[in-house]
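*Asks:* Okay, handing you the structure first.
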Amino acid sequence: MPWRRGVDTERARTRASVPRLLRSGRLPPMGRLLRVMRKVGPAVAMWYVRERGRPASRAGLSRRLRRAFEQLGSSYVKLGQILSGGEGLFPQEVVDEFRKLRDQVPPETFADVRKVVEDDLGAPIETLFSAFSEEPLAAASIAQVHAARLRTGEEVVVKVQRPLVAALVHADIAGMAWLAPKLVGRIPIAALANPPAIVELFTETVVEELDFRLEAENMLDIAHVLALTEQRTIVVPRPHPTLVTRRVLVMERLRGFAFDDVESMHEAGIDTSALLRAGLIAFNEGAMLYGVFHGDLHGGNLFVQRDGRTALLDFGITGRLDEPKRLAFLRLLVTGTGGDVRGQLAALRDLGAFPPDTDLDAVFRDLKLDQPVKDPTTMSAEELIGELSEITQKLLGYGARIPKELMLFVKNLIFLNSATATLAPDLDILAEITQVYLYFAQHHGERILREIGIDPTQTGVDIDAVKAGFGLPADVDSLTFRDLQARRQTILRRMQERERPRWRRGSDAS
């Protein structure tokens, strides 16, 4: 595969460019900033005048912002995609609206697509393919995908980069890099989320997404991990041995059911609970044991084939942990299920969540981690807000940040959590966690003991600690996704009841 020559050097060069791209000047790129203001400003203004205070207010604002993001192009489409993966963190109207940015972005013209393909592959489309669909199968922020057939008769898909995307992304990175440091410490939650680290992660992932040779290599790396762990229930499409360049990626075409088409899966005799478990295990194996995992799981990147295997697509964003961070991550997950809170704090420190010299015993005492967890469904809205505010302020006081390496992992966990609602809403989450832990103890126990000195076959799952993580009282024996959703709705209603008088005052005033 000639495109693989020098790919490791290219990845290193691409990563080395990140600090330069993040080096903000005294002023942002004014032209791009003004264009953003011209698109977002009217969207917010029209919502404020026409829809604010009405029942569909939030949906209206989400729709207007989604359209503005579409017009602003790749970086903001990518930001919208991140929002769409935040089910449970962001309002449902935002999630539903921005989900359209996953594969419903206005496509480039076929003339532009043809030019990119022919320039990069060095030959007319008709010479390389016996068929090439002018209508894309999907169009997203960085690229769009077309169905095609090789001269050999093999069905493929062709991923084609948008012509001007690189210049737009670099301009947007400059604007974000200028703004991010100014948000630190100003909004508690934003400070905890570490805006500069978010921009750094965004930059690292996007600049690698701009080179499809790196994506093709990601496909091979994850396929290799699946082979090493003998995970035969998940498949990766094969990149073409020669038709891969910086802006064009030709790969095997896979077909299957949409990831939310549960009815068709059940009719085909597919066990959706087993499918979900296999995905969770494979995802964790890649991160814990090999430091590499798919970094952008969502419904548009997954098909389920008729034989029950999950086809994994779109490897532009792939999480990679160096060896020290992989070991810290492994300790975090093992100590988390074992109920070792101090071990979790140490692992988080080693991942970068706390400064290296943090007094972890002081954090343990200050956050009252040795006390029973309060059930949030029994707390008033004022108590909930007070508790969250207190914890946030204390964490900020210790210099706590969410490590950028964990952001992709957490985003994927959010998706897998929401997928449970579709694939297995009555699955007992507590029992499933125990099952997954036992799988790792049986299949990888010796390696885990060798690498971090913890024998998972001896420690077992501390189910009370797992319950505490969900804010459950100790007398709860099971937890399905329906139960979890009911608990969330209880908390949400309580918060909305607290806000309702303020909302009405705002509505009356307008």
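Every chain in the structure tokens takes a letter, A first, then B, and so on in the order presented; its residues are numbered from 1, and the ligands are numbered from 1 following the presented order.
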Among stretch 15-242 of chain A, which ones does DSSP place in alpha helix (DSSP H), written as a ChimeraX atom specification?
*Replies:* /A:15-16,18-22,30-50,57-72,74-84,92-98,110-121,125-128,165-183,188-193,195-209,212-228
*Asks:* Now that the selection is made, can you save its residues with C-alpha atoms as a compact mmCIF listing (two decimals), in the first residue's frame?
*Replies:*
# COMPACT_ATOMS: atom_id res chain seq x y z
CA ARG A 15 0.57 16.85 15.49
CA ALA A 16 3.64 19.06 15.67
CA VAL A 18 -0.91 22.03 16.54
CA PRO A 19 1.03 24.43 18.83
CA ARG A 20 1.62 26.77 15.91
CA LEU A 21 -2.07 26.74 14.97
CA LEU A 22 -3.04 27.38 18.61
CA MET A 30 -11.36 39.84 12.21
CA GLY A 31 -12.77 38.83 8.82
CA ARG A 32 -13.84 35.39 10.02
CA LEU A 33 -15.08 36.78 13.37
CA LEU A 34 -17.28 39.32 11.60
CA ARG A 35 -18.72 36.60 9.35
CA VAL A 36 -19.56 34.49 12.40
CA MET A 37 -21.28 37.47 14.03
CA ARG A 38 -23.23 38.18 10.82
CA LYS A 39 -24.62 34.64 10.81
CA VAL A 40 -25.13 33.92 14.51
CA GLY A 41 -26.24 37.43 15.55
CA PRO A 42 -29.37 37.60 13.33
CA ALA A 43 -30.30 34.02 14.25
CA VAL A 44 -30.33 34.90 17.95
CA ALA A 45 -32.01 38.26 17.31
CA MET A 46 -34.86 36.72 15.28
CA TRP A 47 -35.41 34.12 17.98
CA TYR A 48 -35.46 36.84 20.66
CA VAL A 49 -38.04 38.92 18.80
CA ARG A 50 -40.29 36.17 17.45
CA SER A 57 -38.77 28.71 22.01
CA ARG A 58 -35.88 26.31 22.58
CA ALA A 59 -36.63 24.33 19.42
CA GLY A 60 -36.77 27.57 17.41
CA LEU A 61 -33.43 28.79 18.67
CA SER A 62 -31.85 25.38 18.02
CA ARG A 63 -33.15 25.38 14.45
CA ARG A 64 -31.87 28.90 13.73
CA LEU A 65 -28.43 28.15 15.19
CA ARG A 66 -28.19 24.90 13.24
CA ARG A 67 -28.85 26.78 10.00
CA ALA A 68 -26.28 29.42 10.91
CA PHE A 69 -23.71 26.71 11.67
CA GLU A 70 -24.41 25.09 8.29
CA GLN A 71 -23.70 28.39 6.53
CA LEU A 72 -20.52 28.98 8.54
CA SER A 74 -16.92 22.88 8.54
CA SER A 75 -15.68 23.96 11.98
CA TYR A 76 -19.11 25.00 13.17
CA VAL A 77 -20.71 21.93 11.66
CA LYS A 78 -18.20 19.90 13.65
CA LEU A 79 -19.13 21.86 16.80
CA GLY A 80 -22.78 21.10 16.11
CA GLN A 81 -21.94 17.42 15.77
CA ILE A 82 -20.32 17.53 19.21
CA LEU A 83 -23.49 19.07 20.64
CA SER A 84 -25.57 16.38 18.97
CA GLN A 92 -33.15 17.47 23.77
CA GLU A 93 -34.21 20.10 21.23
CA VAL A 94 -30.54 21.03 20.70
CA VAL A 95 -29.50 17.38 20.36
CA ASP A 96 -32.28 16.57 17.89
CA GLU A 97 -31.66 19.62 15.72
CA PHE A 98 -27.88 19.40 15.59
CA PHE A 110 -20.37 17.24 -8.38
CA ALA A 111 -18.06 19.38 -10.49
CA ASP A 112 -16.07 20.22 -7.36
CA VAL A 113 -16.10 16.56 -6.27
CA ARG A 114 -14.87 15.41 -9.68
CA LYS A 115 -12.01 17.93 -9.62
CA VAL A 116 -10.78 16.81 -6.16
CA VAL A 117 -10.97 13.12 -7.09
CA GLU A 118 -9.24 13.51 -10.42
CA ASP A 119 -6.57 15.90 -9.12
CA ASP A 120 -5.67 13.59 -6.23
CA LEU A 121 -5.93 10.23 -7.99
CA ILE A 125 -13.22 9.26 -12.85
CA GLU A 126 -14.35 7.15 -15.82
CA THR A 127 -10.92 5.55 -16.00
CA LEU A 128 -10.87 4.57 -12.32
CA VAL A 165 -12.23 23.12 4.19
CA ALA A 166 -8.57 23.32 5.26
CA ALA A 167 -8.36 27.12 4.97
CA LEU A 168 -11.67 27.60 6.81
CA VAL A 169 -10.68 25.26 9.63
CA HIS A 170 -7.35 27.01 10.16
CA ALA A 171 -9.08 30.41 10.35
CA ASP A 172 -11.63 29.10 12.84
CA ILE A 173 -8.91 27.52 15.00
CA ALA A 174 -7.20 30.91 15.19
CA GLY A 175 -10.44 32.50 16.41
CA MET A 176 -11.13 29.76 18.96
CA ALA A 177 -7.55 29.86 20.24
CA TRP A 178 -7.89 33.61 20.80
CA LEU A 179 -11.18 33.25 22.69
CA ALA A 180 -10.62 30.09 24.78
CA PRO A 181 -8.13 31.48 27.35
CA LYS A 182 -10.48 34.37 28.03
CA LEU A 183 -13.18 31.91 29.21
CA PRO A 188 -17.35 27.69 36.50
CA ILE A 189 -18.46 24.79 34.32
CA ALA A 190 -16.57 26.13 31.31
CA ALA A 191 -13.46 26.48 33.44
CA LEU A 192 -13.77 22.92 34.67
CA ALA A 193 -14.20 21.71 31.10
CA PRO A 195 -11.77 25.62 27.12
CA PRO A 196 -8.13 25.75 25.90
CA ALA A 197 -7.92 21.95 26.19
CA ILE A 198 -11.19 21.60 24.26
CA VAL A 199 -9.83 23.83 21.50
CA GLU A 200 -6.56 21.86 21.56
CA LEU A 201 -8.46 18.58 21.24
CA PHE A 202 -10.62 20.04 18.47
CA THR A 203 -7.48 21.17 16.66
CA GLU A 204 -5.66 17.86 17.07
CA THR A 205 -8.60 15.88 15.75
CA VAL A 206 -9.54 18.22 12.92
CA VAL A 207 -6.03 18.61 11.51
CA GLU A 208 -5.72 14.81 11.43
CA GLU A 209 -9.16 14.56 9.81
CA PHE A 212 -7.35 10.83 4.79
CA ARG A 213 -4.14 8.79 4.78
CA LEU A 214 -4.15 9.08 8.56
CA GLU A 215 -7.79 8.00 8.67
CA ALA A 216 -7.03 4.94 6.54
CA GLU A 217 -4.19 4.07 8.92
CA ASN A 218 -6.60 4.48 11.85
CA MET A 219 -8.88 1.92 10.19
CA LEU A 220 -6.04 -0.59 9.97
CA ASP A 221 -4.93 0.05 13.57
CA ILE A 222 -8.40 -0.51 15.02
CA ALA A 223 -8.96 -3.54 12.82
CA HIS A 224 -5.66 -4.89 14.19
CA VAL A 225 -6.85 -4.38 17.78
CA LEU A 226 -10.12 -6.17 17.00
CA ALA A 227 -8.11 -9.07 15.58
CA LEU A 228 -5.77 -9.23 18.59
*Asks:* Produce a table with one row for each residue of stretch 399-447 of chain A that has an atom at most 9 Å from any atom of stretch 472-484 of chain A, each row naming the nearest atom pair and its distance in Å at one decimal; use only C-alpha atoms; arrange rows by chain and rising residue number; format as JSON lines.
*Replies:*
{"residue": "A:Asn417", "atom": "CA", "partner": "A:Phe481", "partner_atom": "CA", "distance": 8.3}
{"residue": "A:Ser418", "atom": "CA", "partner": "A:Phe481", "partner_atom": "CA", "distance": 8.8}
{"residue": "A:Thr420", "atom": "CA", "partner": "A:Phe481", "partner_atom": "CA", "distance": 6.8}
{"residue": "A:Ala421", "atom": "CA", "partner": "A:Phe481", "partner_atom": "CA", "distance": 6.1}
{"residue": "A:Ala424", "atom": "CA", "partner": "A:Phe481", "partner_atom": "CA", "distance": 7.9}
{"residue": "A:Pro425", "atom": "CA", "partner": "A:Phe481", "partner_atom": "CA", "distance": 5.1}
{"residue": "A:Asp426", "atom": "CA", "partner": "A:Thr480", "partner_atom": "CA", "distance": 5.2}
{"residue": "A:Leu427", "atom": "CA", "partner": "A:Thr480", "partner_atom": "CA", "distance": 5.3}
{"residue": "A:Asp428", "atom": "CA", "partner": "A:Thr480", "partner_atom": "CA", "distance": 4.6}
{"residue": "A:Ile429", "atom": "CA", "partner": "A:Leu479", "partner_atom": "CA", "distance": 5.5}
{"residue": "A:Leu430", "atom": "CA", "partner": "A:Leu479", "partner_atom": "CA", "distance": 6.0}
{"residue": "A:Ala431", "atom": "CA", "partner": "A:Ser478", "partner_atom": "CA", "distance": 7.4}
*Asks:* Rounded to one decimal place, report the atom CA of A:Met379-atom CA of A:Ile491 distance in Å.
*Replies:* 8.5 Å
*Asks:* Using only C-alpha atoms for the distances, tell me which of A:Gly279, A:Gly339, A:Gly397, A:Gly319 is nearest to A:His294.
*Replies:*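 With only C-alpha atoms as the atom set, the closest residue is A:Gly319.
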*Asks:* Could you find all residues in stretch 107-262 of chain A that DSSP calls strand (DSSP E) from the backbone, and write them as a PyMOL selection string?
*Replies:* chain A and resi 129-132+138-139+143-150+155-161+234-235+239-244+248-252+257-258
*Asks:* Once you have the residues from the selection above, write them out as a compact mmCIF listing (two decimals), in the first residue's frame, restricted to N, CA, C and O atoms.
*Replies:*
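Contents of again-v9.txt, as written:
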# COMPACT_ATOMS: atom_id res chain seq x y z
N PHE A 129 -13.28 4.23 -12.27
CA PHE A 129 -14.53 3.62 -11.79
C PHE A 129 -15.44 3.30 -12.96
O PHE A 129 -15.55 4.06 -13.92
N SER A 130 -16.15 2.18 -12.84
CA SER A 130 -17.15 1.86 -13.86
C SER A 130 -18.47 2.56 -13.57
O SER A 130 -19.31 2.71 -14.45
N ALA A 131 -18.65 3.00 -12.31
CA ALA A 131 -19.83 3.78 -11.93
C ALA A 131 -19.44 4.68 -10.77
O ALA A 131 -18.63 4.30 -9.92
N PHE A 132 -20.01 5.88 -10.75
CA PHE A 132 -19.72 6.84 -9.68
C PHE A 132 -20.96 7.71 -9.51
O PHE A 132 -21.31 8.49 -10.40
N ALA A 138 -23.96 10.66 1.90
CA ALA A 138 -24.00 11.51 3.09
C ALA A 138 -23.04 12.66 2.88
O ALA A 138 -22.05 12.54 2.16
N ALA A 139 -23.34 13.78 3.52
CA ALA A 139 -22.45 14.95 3.46
C ALA A 139 -22.31 15.50 4.86
O ALA A 139 -23.30 15.77 5.54
N ALA A 143 -16.15 16.27 4.78
CA ALA A 143 -16.19 15.56 3.50
C ALA A 143 -17.59 15.07 3.20
O ALA A 143 -18.50 15.20 4.03
N GLN A 144 -17.74 14.49 2.01
CA GLN A 144 -18.97 13.80 1.65
C GLN A 144 -18.60 12.46 1.01
O GLN A 144 -17.48 12.27 0.56
N VAL A 145 -19.56 11.55 1.02
CA VAL A 145 -19.30 10.17 0.61
C VAL A 145 -20.17 9.82 -0.58
O VAL A 145 -21.39 10.06 -0.57
N HIS A 146 -19.57 9.23 -1.62
CA HIS A 146 -20.29 8.82 -2.83
C HIS A 146 -20.15 7.32 -3.04
O HIS A 146 -19.07 6.75 -2.80
N ALA A 147 -21.21 6.70 -3.48
CA ALA A 147 -21.14 5.28 -3.87
C ALA A 147 -20.49 5.18 -5.24
O ALA A 147 -20.68 6.03 -6.11
N ALA A 148 -19.70 4.11 -5.42
CA ALA A 148 -19.02 3.91 -6.70
C ALA A 148 -18.75 2.42 -6.89
O ALA A 148 -18.95 1.61 -5.99
N ARG A 149 -18.31 2.08 -8.12
CA ARG A 149 -17.92 0.70 -8.42
C ARG A 149 -16.60 0.74 -9.17
O ARG A 149 -16.43 1.50 -10.13
N LEU A 150 -15.66 -0.07 -8.68
CA LEU A 150 -14.36 -0.14 -9.34
C LEU A 150 -14.47 -0.88 -10.67
O LEU A 150 -15.46 -1.58 -10.94
N GLU A 155 -17.89 -3.05 -5.19
CA GLU A 155 -18.60 -1.86 -4.73
C GLU A 155 -17.79 -1.17 -3.65
O GLU A 155 -17.30 -1.82 -2.71
N VAL A 156 -17.65 0.16 -3.79
CA VAL A 156 -16.87 0.93 -2.83
C VAL A 156 -17.63 2.22 -2.50
O VAL A 156 -18.62 2.57 -3.14
N VAL A 157 -17.14 2.90 -1.47
CA VAL A 157 -17.56 4.27 -1.23
C VAL A 157 -16.32 5.14 -1.34
O VAL A 157 -15.20 4.72 -1.02
N VAL A 158 -16.53 6.37 -1.80
CA VAL A 158 -15.43 7.31 -2.01
C VAL A 158 -15.67 8.53 -1.13
O VAL A 158 -16.66 9.25 -1.30
N LYS A 159 -14.78 8.73 -0.18
CA LYS A 159 -14.87 9.89 0.71
C LYS A 159 -14.04 11.01 0.10
O LYS A 159 -12.84 10.84 -0.16
N VAL A 160 -14.69 12.16 -0.12
CA VAL A 160 -14.05 13.27 -0.83
C VAL A 160 -14.07 14.51 0.05
O VAL A 160 -15.14 14.93 0.53
N GLN A 161 -12.93 15.10 0.27
CA GLN A 161 -12.83 16.27 1.13
C GLN A 161 -13.40 17.50 0.43
O GLN A 161 -13.23 17.69 -0.78
N ILE A 234 -17.45 -7.17 15.33
CA ILE A 234 -17.32 -5.80 14.82
C ILE A 234 -16.37 -5.83 13.63
O ILE A 234 -15.32 -6.47 13.67
N VAL A 235 -16.77 -5.16 12.56
CA VAL A 235 -15.95 -5.16 11.34
C VAL A 235 -15.62 -3.74 10.93
O VAL A 235 -16.37 -2.79 11.20
N PRO A 239 -9.64 -0.12 3.58
CA PRO A 239 -9.25 0.95 2.65
C PRO A 239 -8.60 0.34 1.41
O PRO A 239 -7.98 -0.72 1.48
N HIS A 240 -8.77 1.00 0.28
CA HIS A 240 -8.19 0.49 -0.97
C HIS A 240 -6.66 0.54 -0.88
O HIS A 240 -6.09 1.49 -0.33
N PRO A 241 -5.97 -0.46 -1.40
CA PRO A 241 -4.50 -0.49 -1.27
C PRO A 241 -3.78 0.63 -1.99
O PRO A 241 -2.65 0.96 -1.62
N THR A 242 -4.39 1.23 -3.00
CA THR A 242 -3.69 2.30 -3.73
C THR A 242 -4.48 3.61 -3.82
O THR A 242 -3.88 4.68 -3.93
N LEU A 243 -5.81 3.56 -3.78
CA LEU A 243 -6.63 4.76 -4.01
C LEU A 243 -6.91 5.50 -2.71
O LEU A 243 -8.06 5.67 -2.28
N VAL A 244 -5.86 5.96 -2.07
CA VAL A 244 -5.96 6.77 -0.85
C VAL A 244 -4.97 7.92 -0.97
O VAL A 244 -3.78 7.71 -1.26
N VAL A 248 -8.77 12.12 -0.68
CA VAL A 248 -9.66 11.10 -1.23
C VAL A 248 -9.37 9.76 -0.55
O VAL A 248 -8.21 9.37 -0.42
N LEU A 249 -10.45 9.09 -0.13
CA LEU A 249 -10.31 7.77 0.51
C LEU A 249 -11.34 6.82 -0.10
O LEU A 249 -12.55 7.03 0.04
N VAL A 250 -10.84 5.82 -0.80
CA VAL A 250 -11.71 4.79 -1.39
C VAL A 250 -11.65 3.57 -0.47
O VAL A 250 -10.58 3.11 -0.12
N MET A 251 -12.83 3.08 -0.10
CA MET A 251 -12.87 1.94 0.84
C MET A 251 -14.01 1.01 0.48
O MET A 251 -14.93 1.35 -0.27
N GLU A 252 -13.94 -0.17 1.05
CA GLU A 252 -14.96 -1.19 0.88
C GLU A 252 -16.33 -0.65 1.31
O GLU A 252 -16.44 0.07 2.31
N PHE A 257 -28.39 -2.58 8.69
CA PHE A 257 -29.49 -1.83 9.28
C PHE A 257 -28.95 -0.57 9.95
O PHE A 257 -27.85 -0.57 10.50
N ALA A 258 -29.76 0.50 9.92
CA ALA A 258 -29.40 1.68 10.71
C ALA A 258 -29.34 1.27 12.18
O ALA A 258 -30.06 0.36 12.63
*Asks:* Identify, on the basis of only C-alpha atoms, every residue whose closest approach to stretch 296-309 of chain A does not exceed 9 Å; exclude the query and any residue fewer than 3 positions from it along the same chain; express the result as a PyMOL selection string.
*Replies:* chain A and resi 82+85+102-103+232-235+254-260+265+268-272+275+312-319+408-409+411-413+415-416+419
*Asks:* May I ask which of the residues A:Arg4, A:Tyr437, A:His444, A:Ser273 is the closest one to A:Thr335, counting only C-alpha atoms?
*Replies:*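 Checking each candidate against A:Thr335, we get A:Tyr437 as the closest.
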